[in-house]
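**Q** Here you go, one structure.
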Number of protein chains: 2
Amino acid sequence: MGKISVTNEYYTLVNIFTVKPGDQRRMYDEIVDVTDVIEKFPGFVSANVHISEDGVRLVNYAQWRSKKDFDAMQAHPSVQEHFRRCRAIATFDSIFCRVEYTHEGGTS
Amino acid sequence: MGKISVTNEYYTLVNIFTVKPGDQRRMYDEIVDVTDVIEKFPGFVSANVHISEDGVRLVNYAQWRSKKDFDAMQAHPSVQEHFRRCRAIATFDSIFCRVEYTHEGGTS
């Protein structure tokens, strides 16, 4: 479970993958596979994969301890083949961000 | 704090707002204002606003109890003026999705 909070100061990436119709499940499997590799790197906090209603997108809400940890993972030779496979199925947009504000509702 | 989990079955929206350079803080203020209105609707679970490093985007990771609750809020007359103000500052893309997989790291 990922926890979104302004106080944890994680380095957050919202990765949006766009695939061809019919490729959503295949891309999902690739993301889960690559997560099994990435989670072994220092500083990995969480990956949270979402399937969109429109059938052609996936969102991975990913948290890292720091930008330095994320950059070290991304540059490592062992992950390049996994990234290449992802790029063969999907285009993607990575939004690097920080949590600025959270608001929770009551029990209504 | 938002909690991302496959078990809570929330209706999740990843809203990506794109603004002109210099408008990120203004848009942030609008989202916080509209959240103060929206959080009173039944079924609101959480809003989690992120500021992107690139200076021109914001991400609101929003959770609702159900699509029905979200649709009722979105159609309500009281929120239309707020949405109009947001649209005047930003273009946006709403990804309606469900959480399919989460993975947390250890303490490395």
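Here, A, B, ... name the chains of the structure tokens in the order displayed, residue numbers run from 1 inside each chain, and ligands are numbered from 1 in the same displayed order.
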Counting only C-alpha atoms, which residues of chain B sit at most 10 Å from some atom of chain A, and what is each one's closest atom pair with its distance in Å to one decimal, listed by chain and rising residue number, as CSV?
**A**
residue,atom,partner,partner_atom,distance
B:Met1,CA,A:Ser5,CA,5.0
B:Gly2,CA,A:Ile4,CA,4.9
B:Lys3,CA,A:Lys3,CA,4.6
B:Ile4,CA,A:Gly2,CA,4.8
B:Ser5,CA,A:Met1,CA,5.0
B:Val6,CA,A:Met1,CA,7.9
B:Thr7,CA,A:Met1,CA,9.4
B:Thr12,CA,A:His50,CA,8.8
B:Leu13,CA,A:Ser52,CA,9.1
B:Val14,CA,A:Val59,CA,8.2
B:Ile16,CA,A:Ile95,CA,9.3
B:Tyr28,CA,A:Glu100,CA,8.9
B:Ile31,CA,A:Tyr101,CA,9.8
B:Val32,CA,A:Tyr101,CA,8.0
B:Thr35,CA,A:His103,CA,7.9
B:Asp36,CA,A:His103,CA,8.9
B:Ile38,CA,A:Gly105,CA,9.5
B:Glu39,CA,A:Gly105,CA,5.9
B:Lys40,CA,A:Gly105,CA,7.7
B:Phe41,CA,A:Ser108,CA,7.9
B:Pro42,CA,A:Ser108,CA,5.3
B:Gly43,CA,A:Ser108,CA,6.4
B:Phe44,CA,A:Gly105,CA,5.7
B:Val45,CA,A:Gly105,CA,4.9
B:Ser46,CA,A:Glu104,CA,4.3
B:Ala47,CA,A:His103,CA,5.3
B:Asn48,CA,A:Thr102,CA,4.3
B:Val49,CA,A:Tyr101,CA,5.1
B:His50,CA,A:Val99,CA,4.4
B:Ile51,CA,A:Cys97,CA,5.3
B:Ser52,CA,A:Cys97,CA,4.0
B:Glu53,CA,A:Cys97,CA,5.4
B:Asp54,CA,A:Phe96,CA,7.6
B:Gly55,CA,A:Cys97,CA,9.6
B:Arg57,CA,A:Ile95,CA,8.0
B:Leu58,CA,A:Cys97,CA,8.1
B:Val59,CA,A:Val14,CA,8.2
B:Asn60,CA,A:Thr102,CA,9.3
B:Tyr61,CA,A:Ile4,CA,9.1
B:Ala62,CA,A:His103,CA,9.5
B:Gln63,CA,A:Glu104,CA,9.2
B:Trp64,CA,A:Gly105,CA,9.5
B:Arg65,CA,A:Ser108,CA,10.0
B:Ser94,CA,A:Ser52,CA,10.0
B:Ile95,CA,A:Ser52,CA,6.3
B:Phe96,CA,A:Ser52,CA,5.5
B:Cys97,CA,A:Ser52,CA,4.0
B:Arg98,CA,A:His50,CA,5.3
B:Val99,CA,A:His50,CA,4.4
B:Glu100,CA,A:His50,CA,5.3
B:Tyr101,CA,A:Val49,CA,5.1
B:Thr102,CA,A:Asn48,CA,4.3
B:His103,CA,A:Ala47,CA,5.3
B:Glu104,CA,A:Ser46,CA,4.3
B:Gly105,CA,A:Val45,CA,4.9
B:Gly106,CA,A:Val45,CA,7.4
B:Thr107,CA,A:Gly43,CA,8.0
B:Ser108,CA,A:Pro42,CA,5.2
**Q** What's around Val34 in chain A at 9 Å? Count only C-alpha atoms, leave out sequence neighbours fewer than 3 positions away in its own chain, and write the answer as a list of chain:residue names.
**A**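 Skipping anything fewer than 3 positions along the chain leaves A:Asp29, A:Glu30, A:Ile31, A:Val37, A:Ile38, A:Glu39, A:Val79, A:His82, A:Phe83, A:Cys86.
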**Q** Between CA of Ile89 in chain B and CA of Tyr10 in chain B, what is the distance, to one decimal in Å?
**A**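 Atom-to-atom, CA of Ile89 in chain B to CA of Tyr10 in chain B, that is 28.4 Å.
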**Q** To one decimal place in Å, what is the distance between CA of Tyr11 in chain A and CA of Lys20 in chain B?
**A**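 Computing the Euclidean distance for CA of Tyr11 in chain A and CA of Lys20 in chain B yields 23.5 Å.
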**Q** Quick one: pick out all alpha helix (DSSP H) residues within chain B from a backbone DSSP run and write them as a ChimeraX atom specification.
**A** /B:24-38,67-75,77-89
